[in-house]
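*Asks:* Take a look at model19.txt, compact mmCIF, C-alpha atoms and all ligand atoms:
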# COMPACT_ATOMS: atom_id res chain seq x y z
CA MET T 83 77.40 73.92 133.44
CA THR T 84 77.66 75.47 130.00
CA VAL T 85 80.52 77.64 128.95
CA ALA T 86 79.93 80.31 126.34
CA PRO T 87 82.21 80.02 123.32
CA ALA T 88 85.02 82.56 123.21
CA SER T 89 83.63 84.10 120.03
CA SER T 90 80.65 85.41 122.00
CA VAL T 91 82.86 87.85 123.92
CA SER T 92 81.98 91.34 122.81
CA LEU T 93 84.60 94.03 122.81
CA ALA T 94 82.44 96.06 125.20
CA ALA T 95 82.32 93.17 127.66
CA ALA T 96 86.06 92.60 127.32
CA ALA T 97 86.61 96.29 127.98
CA GLY T 98 84.68 96.01 131.23
CA GLY T 99 81.86 98.21 130.02
CA GLY T 100 84.05 101.20 129.22
CA SER T 101 84.48 102.78 125.82
CA LEU T 102 88.19 101.97 125.64
CA LEU T 103 89.73 98.51 125.80
CA PHE T 104 93.22 98.51 127.27
CA ARG T 105 95.61 95.59 127.73
CA GLN T 106 99.15 95.59 129.05
CA LEU T 107 101.12 92.58 127.83
CA PHE T 108 104.57 91.53 129.00
CA ASP T 109 107.55 89.72 127.52
CA ALA T 110 109.45 88.25 130.44
CA ASP T 111 112.54 87.47 128.35
CA THR T 112 113.25 91.15 127.67
CA GLY T 113 111.11 92.88 130.31
CA THR T 114 109.15 94.58 127.51
CA PHE T 115 105.58 95.86 127.81
CA THR T 116 103.28 95.75 124.80
CA TYR T 117 100.05 97.72 124.90
CA LEU T 118 96.79 97.07 123.10
CA LEU T 119 94.21 99.86 122.88
CA ALA T 120 90.86 99.62 121.14
CA ASP T 121 87.89 101.89 120.64
CA VAL T 122 84.95 99.72 121.66
CA ALA T 123 82.34 101.40 119.45
CA SER T 124 84.26 100.98 116.20
CA GLY T 125 86.38 97.94 117.08
CA GLU T 126 89.50 99.70 115.83
CA GLY T 127 92.71 99.25 117.77
CA LEU T 128 96.40 100.00 118.06
CA LEU T 129 99.31 97.96 119.32
CA ILE T 130 102.33 99.69 120.86
CA ASP T 131 105.82 98.16 121.19
CA SER T 132 105.11 94.61 120.12
CA VAL T 133 107.78 91.90 120.47
CA PHE T 134 108.67 89.64 117.53
CA GLU T 135 108.62 86.43 119.57
CA ARG T 136 105.25 87.31 121.11
CA HIS T 137 103.55 87.94 117.76
CA GLN T 138 101.33 84.90 117.90
CA ARG T 139 100.19 85.79 121.41
CA ASP T 140 99.27 89.34 120.41
CA LEU T 141 97.61 88.23 117.19
CA SER T 142 95.53 85.62 119.02
CA LEU T 143 94.27 88.23 121.47
CA ILE T 144 93.44 90.70 118.71
CA GLN T 145 91.58 88.03 116.78
CA GLU T 146 89.65 86.68 119.77
CA LEU T 147 88.48 90.17 120.70
CA GLY T 148 87.54 90.94 117.11
CA ILE T 149 89.71 94.05 116.97
CA ARG T 150 90.52 95.58 113.60
CA LEU T 151 94.10 96.67 114.05
CA VAL T 152 94.74 100.07 112.51
CA ALA T 153 98.45 100.31 113.29
CA CYS T 154 101.33 98.66 115.06
CA LEU T 155 103.42 101.44 116.63
CA ASP T 156 106.87 101.58 118.18
CA THR T 157 108.10 104.20 120.62
CA HIS T 158 111.63 103.85 119.16
CA ALA T 159 114.06 101.50 117.40
CA HIS T 160 114.73 99.14 120.29
CA ALA T 161 118.15 97.71 121.06
CA ASP T 162 117.01 94.85 123.27
CA HIS T 163 114.28 93.13 121.29
CA VAL T 164 112.98 92.99 117.74
CA THR T 165 109.60 94.57 117.06
CA GLY T 166 106.65 92.47 115.93
CA SER T 167 105.39 95.29 113.67
CA TRP T 168 106.21 93.73 110.32
CA LEU T 169 104.70 90.37 111.31
CA MET T 170 101.54 92.14 112.46
CA HIS T 171 101.42 94.15 109.24
CA GLU T 172 101.67 90.90 107.26
CA ALA T 173 99.00 89.20 109.36
CA THR T 174 96.45 92.02 109.57
CA GLY T 175 97.36 94.64 106.98
CA CYS T 176 97.79 97.26 109.73
CA ALA T 177 100.05 100.27 109.27
CA ILE T 178 103.56 100.33 110.75
CA GLY T 179 104.22 103.53 112.70
CA LEU T 180 107.60 104.71 113.95
CA ALA T 181 109.25 108.11 114.26
CA ALA T 182 110.42 109.34 110.86
CA ALA T 183 113.66 110.28 112.64
CA ALA T 184 114.45 106.58 113.15
CA ARG T 185 114.71 106.18 109.35
CA ALA T 186 113.76 102.49 109.43
CA GLU T 187 112.62 100.47 106.42
CA ASN T 188 109.06 99.18 105.94
CA VAL T 189 107.51 101.98 108.02
CA THR T 190 104.19 102.88 106.36
CA THR T 191 103.34 105.78 108.72
CA PRO T 192 106.43 107.82 109.58
CA LEU T 193 105.53 109.84 112.67
CA GLN T 194 106.38 113.43 113.62
CA HIS T 195 105.83 115.47 116.76
CA GLY T 196 102.21 116.62 116.85
CA ASP T 197 100.82 113.85 114.63
CA ARG T 198 97.64 112.06 115.61
CA VAL T 199 97.17 108.32 115.25
CA THR T 200 93.43 107.75 115.09
CA PHE T 201 91.58 104.56 116.04
CA GLY T 202 87.80 104.81 115.84
CA SER T 203 86.73 107.97 117.63
CA ARG T 204 89.90 108.03 119.75
CA HIS T 205 93.45 109.06 118.99
CA LEU T 206 96.97 109.12 120.31
CA GLN T 207 98.99 112.28 120.03
CA VAL T 208 102.66 111.92 119.13
CA ARG T 209 105.19 113.82 121.24
CA SER T 210 108.84 113.76 120.29
CA THR T 211 110.85 112.71 123.37
CA PRO T 212 114.44 112.06 122.19
CA GLY T 213 117.44 111.49 124.43
CA HIS T 214 117.44 107.69 124.84
CA THR T 215 117.52 107.55 121.02
CA ASP T 216 116.94 110.49 118.70
CA GLY T 217 113.79 108.81 117.33
CA CYS T 218 112.01 108.29 120.66
CA ILE T 219 108.36 109.30 120.82
CA THR T 220 105.73 109.28 123.54
CA PHE T 221 102.12 108.49 122.67
CA VAL T 222 99.56 110.49 124.67
CA LEU T 223 95.90 109.40 124.74
CA ASP T 224 93.44 112.07 123.54
CA ASP T 225 92.11 112.88 127.04
CA GLN T 226 95.64 112.87 128.56
CA SER T 227 94.62 110.14 131.00
CA MET T 228 97.45 107.88 129.87
CA ALA T 229 100.72 108.13 128.01
CA PHE T 230 103.09 105.51 126.63
CA THR T 231 106.59 106.75 127.26
CA GLY T 232 108.70 103.95 125.75
CA ASP T 233 112.17 104.17 127.26
CA ALA T 234 112.17 107.96 127.67
CA LEU T 235 110.69 107.62 131.15
CA LEU T 236 110.52 104.35 133.08
CA VAL T 237 108.99 103.75 136.51
CA ARG T 238 111.43 105.55 138.87
CA GLY T 239 114.02 105.54 136.08
CA CYS T 240 114.58 106.34 132.43
CA GLY T 241 116.23 104.87 129.35
CA ARG T 242 120.00 104.90 129.11
CA CYS T 243 121.72 107.64 127.13
CA ASP T 244 125.09 106.05 126.41
CA PHE T 245 124.57 104.64 122.90
CA GLN T 246 122.22 104.90 119.88
CA GLN T 247 122.52 108.73 119.70
CA GLY T 248 121.65 108.97 123.41
CA ASN T 249 122.03 112.36 125.08
CA ALA T 250 121.22 113.06 128.72
CA HIS T 251 120.65 116.81 128.18
CA THR T 252 118.17 116.03 125.42
CA LEU T 253 116.41 113.43 127.56
CA TRP T 254 116.13 115.90 130.44
CA ALA T 255 114.43 118.39 128.15
CA SER T 256 112.12 115.71 126.71
CA ILE T 257 110.95 114.49 130.09
CA THR T 258 110.55 117.87 131.77
CA GLU T 259 108.97 119.63 128.77
CA GLN T 260 106.93 116.88 127.12
CA ILE T 261 106.04 114.37 129.86
CA PHE T 262 106.03 116.31 133.14
CA THR T 263 103.81 118.95 131.51
CA LEU T 264 100.99 116.39 131.26
CA PRO T 265 98.39 116.45 134.06
CA ASP T 266 99.73 115.10 137.37
CA SER T 267 97.08 112.38 137.24
CA CYS T 268 98.15 111.13 133.80
CA LEU T 269 99.13 107.48 134.05
CA LEU T 270 102.48 106.66 132.49
CA TYR T 271 103.06 103.27 130.92
CA PRO T 272 106.74 102.46 130.38
CA GLY T 273 108.45 100.44 127.66
CA HIS T 274 110.11 98.15 130.18
CA ASP T 275 110.33 97.11 133.74
CA TYR T 276 112.47 94.39 135.22
CA THR T 277 111.13 94.31 138.77
CA GLY T 278 107.39 93.93 138.36
CA ARG T 279 106.32 97.60 138.29
CA THR T 280 103.74 98.20 135.60
CA VAL T 281 102.51 101.80 135.71
CA THR T 282 103.20 105.14 137.35
CA SER T 283 101.88 108.71 137.10
CA VAL T 284 103.26 112.14 136.32
CA ALA T 285 102.85 113.22 139.96
CA GLU T 286 104.69 110.15 141.25
CA GLU T 287 107.64 110.50 138.90
CA LYS T 288 107.95 114.22 139.54
CA ALA T 289 108.24 113.42 143.24
CA PHE T 290 110.08 110.12 143.36
CA ASN T 291 112.01 109.48 140.16
CA ALA T 292 115.48 108.68 141.45
CA ARG T 293 117.21 110.46 138.59
CA LEU T 294 115.18 113.57 137.94
CA GLY T 295 112.41 113.74 140.50
CA GLY T 296 112.25 115.88 143.64
CA ALA T 297 114.85 118.64 143.69
CA ALA T 298 117.09 117.13 140.98
CA THR T 299 118.51 119.61 138.49
CA GLU T 300 119.59 119.01 134.92
CA ARG T 301 123.20 118.87 136.14
CA ASP T 302 122.30 116.19 138.74
CA PHE T 303 120.50 114.18 136.07
CA VAL T 304 123.28 114.38 133.51
CA GLY T 305 125.87 113.49 136.17
CA HIS T 306 123.83 110.44 137.11
CA MET T 307 123.32 109.31 133.51
CA GLN T 308 126.94 109.76 132.48
CA ASN T 309 128.26 107.60 135.29
CA MET T 310 126.03 104.55 135.02
CA LYS T 311 128.59 102.26 133.30
CA LEU T 312 125.98 99.83 132.00
CA PRO T 313 126.88 96.70 130.03
CA HIS T 314 125.89 96.67 126.36
CA PRO T 315 122.46 95.08 125.79
CA HIS T 316 123.18 91.50 124.81
CA LYS T 317 120.68 91.40 121.97
CA ILE T 318 121.78 94.64 120.30
CA ALA T 319 123.59 92.96 117.39
CA GLU T 320 120.41 91.16 116.40
CA ALA T 321 117.79 93.65 117.56
CA LEU T 322 118.92 96.91 116.01
CA PRO T 323 119.33 95.71 112.42
CA GLY T 324 116.04 93.82 112.78
CA ASN T 325 114.27 96.96 113.97
CA MET T 326 115.74 99.03 111.16
CA ARG T 327 113.67 96.70 108.93
CA SER T 328 110.63 97.11 111.24
CA GLY T 329 111.10 93.48 112.29
CA LYS T 330 111.04 91.98 108.81
CA PRO T 331 113.20 88.84 108.95
CA ARG T 332 116.24 88.82 106.69
CA GLU T 333 115.09 85.55 105.17
CA ALA T 334 111.56 84.46 104.37
CA VAL T 335 109.86 82.81 107.33
CA PRO T 336 109.21 79.20 106.32
CA THR T 337 105.51 78.37 106.28
CA ALA T 338 104.53 76.34 109.30
CA PRO T 339 103.69 72.71 108.64
CA GLY T 340 100.22 71.83 109.81
CA TRP T 341 100.96 69.23 112.47
CA ALA T 342 101.03 71.60 115.46
CA PRO T 343 100.46 75.25 116.41
CA LEU T 344 104.14 76.04 115.90
CA GLN T 345 105.50 79.40 116.88
CA ARG T 346 108.67 80.63 115.28
CA SER T 347 111.36 82.44 117.18
CA TYR T 348 113.22 85.26 115.46
CA ALA T 349 115.96 82.73 114.79
CA GLY T 350 113.36 80.90 112.71
CA LEU T 351 113.02 77.88 114.97
CA PRO T 352 109.69 76.11 115.36
CA GLU T 353 108.74 75.88 119.02
CA LEU T 354 105.94 74.34 121.02
CA PRO T 355 104.77 75.17 124.53
CA PRO T 356 104.77 72.47 127.23
CA SER T 357 100.97 72.52 127.37
CA TRP T 358 100.60 71.37 123.75
CA VAL T 359 103.33 68.75 124.05
CA ALA T 360 101.79 67.34 127.23
CA GLU T 361 98.39 67.15 125.59
CA HIS T 362 99.74 65.41 122.47
CA ARG T 363 102.33 63.31 124.27
CA ASP T 364 101.23 60.04 122.61
CA GLN T 365 101.38 61.48 119.08
CA VAL T 366 105.00 62.64 119.10
CA THR T 367 108.47 61.33 119.82
CA ILE T 368 110.12 63.29 122.60
CA LEU T 369 113.82 63.40 121.84
CA ASP T 370 116.01 64.26 124.84
CA VAL T 371 119.44 65.55 123.81
CA ARG T 372 120.98 65.95 127.27
CA SER T 373 123.79 63.71 128.54
CA SER T 374 122.91 60.27 129.90
CA GLU T 375 123.99 61.51 133.37
CA GLU T 376 121.38 64.25 133.21
CA PHE T 377 118.80 61.91 131.74
CA ASP T 378 119.21 59.50 134.66
CA GLY T 379 119.89 62.24 137.20
CA PRO T 380 117.69 64.10 139.72
CA ASP T 381 116.13 66.44 137.11
CA GLY T 382 114.29 63.44 135.70
CA ARG T 383 112.94 62.90 132.17
CA VAL T 384 109.66 62.83 130.31
CA ALA T 385 108.28 59.30 130.47
CA GLY T 386 108.96 57.35 127.30
CA SER T 387 111.37 59.90 125.82
CA LEU T 388 114.21 58.84 123.57
CA LEU T 389 117.74 59.75 124.69
CA ILE T 390 120.31 60.76 122.08
CA PRO T 391 122.89 63.17 123.56
CA LEU T 392 123.48 66.17 121.29
CA PRO T 393 127.08 65.23 120.36
CA GLU T 394 125.81 61.85 119.06
CA LEU T 395 122.77 63.17 117.24
CA GLU T 396 124.21 63.30 113.77
CA ALA T 397 125.48 59.73 113.90
CA ARG T 398 122.37 58.28 115.51
CA ALA T 399 119.59 60.31 113.84
CA ALA T 400 118.31 57.18 112.06
CA ALA T 401 117.21 55.83 115.45
CA ILE T 402 114.47 58.47 115.63
CA PRO T 403 111.17 57.02 114.41
CA ALA T 404 110.32 58.58 111.05
CA ASP T 405 106.56 58.10 111.25
CA ARG T 406 105.76 60.75 113.86
CA PRO T 407 106.72 64.36 114.68
CA VAL T 408 109.67 65.01 116.96
CA VAL T 409 109.72 67.39 119.93
CA VAL T 410 113.28 68.02 121.07
CA VAL T 411 113.99 68.71 124.73
CA CYS T 412 116.93 69.53 127.00
CA HIS T 413 117.22 71.32 130.32
CA SER T 414 116.55 74.89 129.13
CA GLY T 415 115.70 74.66 125.44
CA SER T 416 119.12 75.81 124.28
CA ARG T 417 120.85 72.54 123.26
CA SER T 418 117.54 71.28 121.93
CA ALA T 419 117.34 74.40 119.75
CA LEU T 420 120.60 73.38 118.13
CA ALA T 421 119.36 69.81 117.76
CA THR T 422 116.11 71.05 116.21
CA GLN T 423 118.14 73.04 113.73
CA GLN T 424 120.29 69.99 112.91
CA LEU T 425 117.27 67.78 112.32
CA LEU T 426 115.58 70.39 110.11
CA LYS T 427 118.78 70.72 108.10
CA ALA T 428 118.96 66.94 107.78
CA GLY T 429 115.53 67.03 106.13
CA ARG T 430 113.12 66.22 108.96
CA ALA T 431 110.02 68.32 108.35
CA ARG T 432 108.02 67.76 111.53
CA VAL T 433 110.38 68.89 114.28
CA ALA T 434 109.94 71.43 117.06
CA ASN T 435 111.81 72.58 120.11
CA LEU T 436 110.17 72.43 123.54
CA ARG T 437 110.06 76.10 124.56
CA GLY T 438 111.85 76.66 127.85
CA GLY T 439 113.03 73.05 128.01
CA LEU T 440 112.32 70.60 130.80
CA SER T 441 112.86 73.33 133.32
CA ARG T 442 109.75 75.15 132.11
CA TRP T 443 107.95 71.83 131.61
CA SER T 444 108.46 71.10 135.28
CA ASP T 445 107.66 74.69 136.37
CA GLU T 446 104.32 74.38 134.61
CA GLY T 447 103.55 71.25 136.61
CA TYR T 448 104.09 68.53 134.01
CA PRO T 449 105.56 65.27 135.34
CA LEU T 450 109.16 64.09 135.05
CA ASP T 451 110.07 60.46 135.76
CA GLY T 452 112.81 60.05 138.36
CA ALA T 453 112.81 63.72 139.35
CA VAL T 454 113.98 64.46 142.87
CA THR T 455 112.41 67.60 144.30
CA ALA T 456 114.41 69.11 147.13
CA GLY T 457 112.50 70.48 150.09
CA THR T 458 109.04 70.17 148.59
CA ALA T 459 106.53 71.79 150.90
CA SER T 460 103.06 70.40 151.02
FE FE T 501 115.17 101.21 124.27
Mind turning the file's structure into structure tokens?
Ligand code: FE

*Replies:*
Amino acid sequence: MTVAPASSVSLAAAAGGGSLLFRQLFDADTGTFTYLLADVASGEGLLIDSVFERHQRDLSLIQELGIRLVACLDTHAHADHVTGSWLMHEATGCAIGLAAAARAENVTTPLQHGDRVTFGSRHLQVRSTPGHTDGCITFVLDDQSMAFTGDALLVRGCGRCDFQQGNAHTLWASITEQIFTLPDSCLLYPGHDYTGRTVTSVAEEKAFNARLGGAATERDFVGHMQNMKLPHPHKIAEALPGNMRSGKPREAVPTAPGWAPLQRSYAGLPELPPSWVAEHRDQVTILDVRSSEEFDGPDGRVAGSLLIPLPELEARAAAIPADRPVVVVCHSGSRSALATQQLLKAGRARVANLRGGLSRWSDEGYPLDGAVTAGTAS
């Protein structure tokens, strides 16, 4: 059997024969959807609500499909994740589009209500939909068959209104006047979902949205929104300032050494996925920084890995072979992140953290010596 090389995939084929390519991407860490749209005939595309940590994923897809990215857009200045816009701008030269009202740095295309963002023969229309933040916008596809609502309207819900200039009255007006006036059949793609719902429609939300659908009045909606008592988003301290720079890191991102396809987290840490580490197992030292109890316990360990518990790392770093790269592991990737940082600071150049730790390693089906699996069904 012969397999065609990936480069032979035409945009038309990838789009399933239609004239528009559409991809919905997901970041499980923050429940964020990223959307890729491309005009098949011209190859021009747009990315909406990208996530900093998923930049390499999005870039790889764009490159494989041969899309010329016109702009990386955001529906608002997010409080829960940092946008990948600046990274994408650096990588592809695309424009950075965000509502002018957000007043963020590095935006090359400040957007206003009524603007059009064109890609090939297609365009998105910008509708101002404030209320979650005062810079929230909804992008409506030219034929009104789909709209990207950000956090203004979510599936059976909506964005919170209790911080970042949020205002429930404003959000009510935005949704009822700018989103519910689209055709009933218009598909609505939200900025987030945390329970696996991916898309809805104007008709559905008008009927079933728990906060403002059915017979709900503005007073009902505002009463609901003002009594939600939600915890503060845990990433807000990092995300908001990052987004006010359009995702440009405060410090220069160090250039990746060439030994592996490293991905950098927003914290600047080099990471590798389990698949790469498993494939290159014999070329790297796997450094396990858990306790010896965990190392010898029922979670198991990667065969042949070197144990140096994190508290002893500084004193015993000389025991790590200097002639090969180091992949640091722990249960979840958190202690190993700290260890990776320590080793980089100590001058080791070829170090990376195992993304998701041994927990993800095991979830993805890679073997662990001595692991005891409880209640394994066959
Ligand atoms: Fe938001």

*Asks:* Compile the contact shell of Ile368 in chain T as a PyMOL selection string: residues with an atom at most 8 Å away, counting all atoms listed in the file, same-chain residues fewer than 2 positions apart removed.

*Replies:* chain T and resi 363+366+370+384+386-388+408-411

*Asks:* Can you pull out every residue with an atom within 8 Å of ligand FE 501 (chain T)? Use only C-alpha atoms and all ligand atoms and format it as a list of chain:residue names.

*Replies:*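 Written in the requested form, the residues are T:His158, T:Ala159, T:His160, T:Ala161, T:Asp162, T:His214, T:Thr215, T:Gly232, T:Asp233, T:Gly241, T:Arg242, T:Gly273.
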
*Asks:* CA of Leu270 in chain T and CA of Thr282 in chain T are how many Å apart?

*Replies:*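 Straight-line distance from CA of Leu270 in chain T to CA of Thr282 in chain T works out to 5.1 Å.
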
*Asks:* Find the spatial neighbours of Leu436 in chain T, counting all atoms listed in the file, within a cut-off of 12 Å - ignore same-chain residues fewer than 4 positions away - and output them as a PDB file with C-alpha atoms, keeping the file's coordinate frame.

*Replies:*
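Full text of selection-v8.pdb as output:
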ATOM      1  CA  LEU T 344     104.140  76.040 115.900  1.00  0.00           C
ATOM      2  CA  GLN T 345     105.500  79.400 116.880  1.00  0.00           C
ATOM      3  CA  ARG T 346     108.670  80.630 115.280  1.00  0.00           C
ATOM      4  CA  SER T 347     111.360  82.440 117.180  1.00  0.00           C
ATOM      5  CA  LEU T 351     113.020  77.880 114.970  1.00  0.00           C
ATOM      6  CA  PRO T 352     109.690  76.110 115.360  1.00  0.00           C
ATOM      7  CA  GLU T 353     108.740  75.880 119.020  1.00  0.00           C
ATOM      8  CA  LEU T 354     105.940  74.340 121.020  1.00  0.00           C
ATOM      9  CA  PRO T 355     104.770  75.170 124.530  1.00  0.00           C
ATOM     10  CA  PRO T 356     104.770  72.470 127.230  1.00  0.00           C
ATOM     11  CA  SER T 357     100.970  72.520 127.370  1.00  0.00           C
ATOM     12  CA  TRP T 358     100.600  71.370 123.750  1.00  0.00           C
ATOM     13  CA  VAL T 359     103.330  68.750 124.050  1.00  0.00           C
ATOM     14  CA  ALA T 360     101.790  67.340 127.230  1.00  0.00           C
ATOM     15  CA  VAL T 366     105.000  62.640 119.100  1.00  0.00           C
ATOM     16  CA  THR T 367     108.470  61.330 119.820  1.00  0.00           C
ATOM     17  CA  ILE T 368     110.120  63.290 122.600  1.00  0.00           C
ATOM     18  CA  LEU T 369     113.820  63.400 121.840  1.00  0.00           C
ATOM     19  CA  ASP T 370     116.010  64.260 124.840  1.00  0.00           C
ATOM     20  CA  VAL T 371     119.440  65.550 123.810  1.00  0.00           C
ATOM     21  CA  VAL T 384     109.660  62.830 130.310  1.00  0.00           C
ATOM     22  CA  VAL T 408     109.670  65.010 116.960  1.00  0.00           C
ATOM     23  CA  VAL T 409     109.720  67.390 119.930  1.00  0.00           C
ATOM     24  CA  VAL T 410     113.280  68.020 121.070  1.00  0.00           C
ATOM     25  CA  VAL T 411     113.990  68.710 124.730  1.00  0.00           C
ATOM     26  CA  CYS T 412     116.930  69.530 127.000  1.00  0.00           C
ATOM     27  CA  HIS T 413     117.220  71.320 130.320  1.00  0.00           C
ATOM     28  CA  SER T 414     116.550  74.890 129.130  1.00  0.00           C
ATOM     29  CA  GLY T 415     115.700  74.660 125.440  1.00  0.00           C
ATOM     30  CA  SER T 416     119.120  75.810 124.280  1.00  0.00           C
ATOM     31  CA  ARG T 417     120.850  72.540 123.260  1.00  0.00           C
ATOM     32  CA  SER T 418     117.540  71.280 121.930  1.00  0.00           C
ATOM     33  CA  ALA T 419     117.340  74.400 119.750  1.00  0.00           C
ATOM     34  CA  LEU T 420     120.600  73.380 118.130  1.00  0.00           C
ATOM     35  CA  ALA T 421     119.360  69.810 117.760  1.00  0.00           C
ATOM     36  CA  THR T 422     116.110  71.050 116.210  1.00  0.00           C
ATOM     37  CA  LEU T 440     112.320  70.600 130.800  1.00  0.00           C
ATOM     38  CA  SER T 441     112.860  73.330 133.320  1.00  0.00           C
ATOM     39  CA  ARG T 442     109.750  75.150 132.110  1.00  0.00           C
ATOM     40  CA  TRP T 443     107.950  71.830 131.610  1.00  0.00           C
ATOM     41  CA  SER T 444     108.460  71.100 135.280  1.00  0.00           C
TER      42      SER T 444
END

*Asks:* Between CA of Asp302 in chain T and CA of Pro315 in chain T, what is the distance in Å, rounded to a tenth?

*Replies:* 24.8 Å

*Asks:* Env of Asp140 in chain T: 12 Å cut, atoms = only C-alpha atoms, seq-sep filter 2 positions within chain, self excluded. Answer as number ranges by chain.

*Replies:* T: 105-109, 115-119, 128-138, 142-147, 149, 151, 154, 166-167, 169-170, 173-174

*Asks:* Can you report as JSON the centre and edge lengths in Å, to one decimal, of an axis-aligned box around the listed atoms of range 418-427 of chain T padded with 8 Å on each side?

*Replies:*
{"center_x": 118.1, "center_y": 71.1, "center_z": 115.0, "size_x": 21.0, "size_y": 22.6, "size_z": 29.8}

*Asks:* Could you state the separation of CA of Thr455 in chain T and CA of Gly382 in chain T in Å, given to one decimal place?

*Replies:*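 Taking CA of Thr455 in chain T as the start and CA of Gly382 in chain T as the end point, the length is 9.7 Å.
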
*Asks:* Please output range 237-242 of chain T, rebuilt to include all heavy atoms, as a PDB file, in the coordinates of the input.

*Replies:*
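The file below, rebuild.pdb, is the result:
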ATOM      1  N   VAL T 237     109.454 103.581 135.143  1.00  0.00           N
ATOM      2  CA  VAL T 237     108.990 103.750 136.510  1.00  0.00           C
ATOM      3  C   VAL T 237     110.213 103.968 137.408  1.00  0.00           C
ATOM      4  O   VAL T 237     111.082 103.097 137.498  1.00  0.00           O
ATOM      5  CB  VAL T 237     108.189 102.514 136.992  1.00  0.00           C
ATOM      6  CG1 VAL T 237     107.689 102.732 138.419  1.00  0.00           C
ATOM      7  CG2 VAL T 237     107.014 102.221 136.055  1.00  0.00           C
ATOM      8  N   ARG T 238     110.317 105.159 137.987  1.00  0.00           N
ATOM      9  CA  ARG T 238     111.430 105.550 138.870  1.00  0.00           C
ATOM     10  C   ARG T 238     112.782 105.530 138.138  1.00  0.00           C
ATOM     11  O   ARG T 238     113.831 105.448 138.764  1.00  0.00           O
ATOM     12  CB  ARG T 238     111.518 104.654 140.121  1.00  0.00           C
ATOM     13  CG  ARG T 238     110.233 104.597 140.938  1.00  0.00           C
ATOM     14  CD  ARG T 238     109.852 105.957 141.508  1.00  0.00           C
ATOM     15  NE  ARG T 238     108.763 105.825 142.453  1.00  0.00           N
ATOM     16  CZ  ARG T 238     107.471 105.978 142.137  1.00  0.00           C
ATOM     17  NH1 ARG T 238     107.105 106.288 140.905  1.00  0.00           N
ATOM     18  NH2 ARG T 238     106.541 105.852 143.061  1.00  0.00           N
ATOM     19  N   GLY T 239     112.768 105.543 136.839  1.00  0.00           N
ATOM     20  CA  GLY T 239     114.020 105.540 136.080  1.00  0.00           C
ATOM     21  C   GLY T 239     113.797 106.138 134.708  1.00  0.00           C
ATOM     22  O   GLY T 239     112.811 106.836 134.456  1.00  0.00           O
ATOM     23  N   CYS T 240     114.723 105.873 133.806  1.00  0.00           N
ATOM     24  CA  CYS T 240     114.580 106.340 132.430  1.00  0.00           C
ATOM     25  C   CYS T 240     115.522 105.505 131.571  1.00  0.00           C
ATOM     26  O   CYS T 240     116.353 104.764 132.085  1.00  0.00           O
ATOM     27  CB  CYS T 240     114.947 107.821 132.322  1.00  0.00           C
ATOM     28  SG  CYS T 240     116.663 108.164 132.717  1.00  0.00           S
ATOM     29  N   GLY T 241     115.370 105.620 130.251  1.00  0.00           N
ATOM     30  CA  GLY T 241     116.230 104.870 129.350  1.00  0.00           C
ATOM     31  C   GLY T 241     117.663 105.382 129.424  1.00  0.00           C
ATOM     32  O   GLY T 241     117.910 106.549 129.769  1.00  0.00           O
ATOM     33  N   ARG T 242     118.587 104.517 129.086  1.00  0.00           N
ATOM     34  CA  ARG T 242     120.000 104.900 129.110  1.00  0.00           C
ATOM     35  C   ARG T 242     120.302 105.869 127.972  1.00  0.00           C
ATOM     36  O   ARG T 242     119.568 105.930 126.984  1.00  0.00           O
ATOM     37  CB  ARG T 242     120.872 103.649 129.024  1.00  0.00           C
ATOM     38  CG  ARG T 242     120.615 102.832 127.771  1.00  0.00           C
ATOM     39  CD  ARG T 242     121.117 101.418 127.922  1.00  0.00           C
ATOM     40  NE  ARG T 242     122.577 101.367 127.929  1.00  0.00           N
ATOM     41  CZ  ARG T 242     123.279 100.239 128.087  1.00  0.00           C
ATOM     42  NH1 ARG T 242     122.626  99.085 128.242  1.00  0.00           N
ATOM     43  NH2 ARG T 242     124.580 100.245 128.080  1.00  0.00           N
TER      44      ARG T 242
END
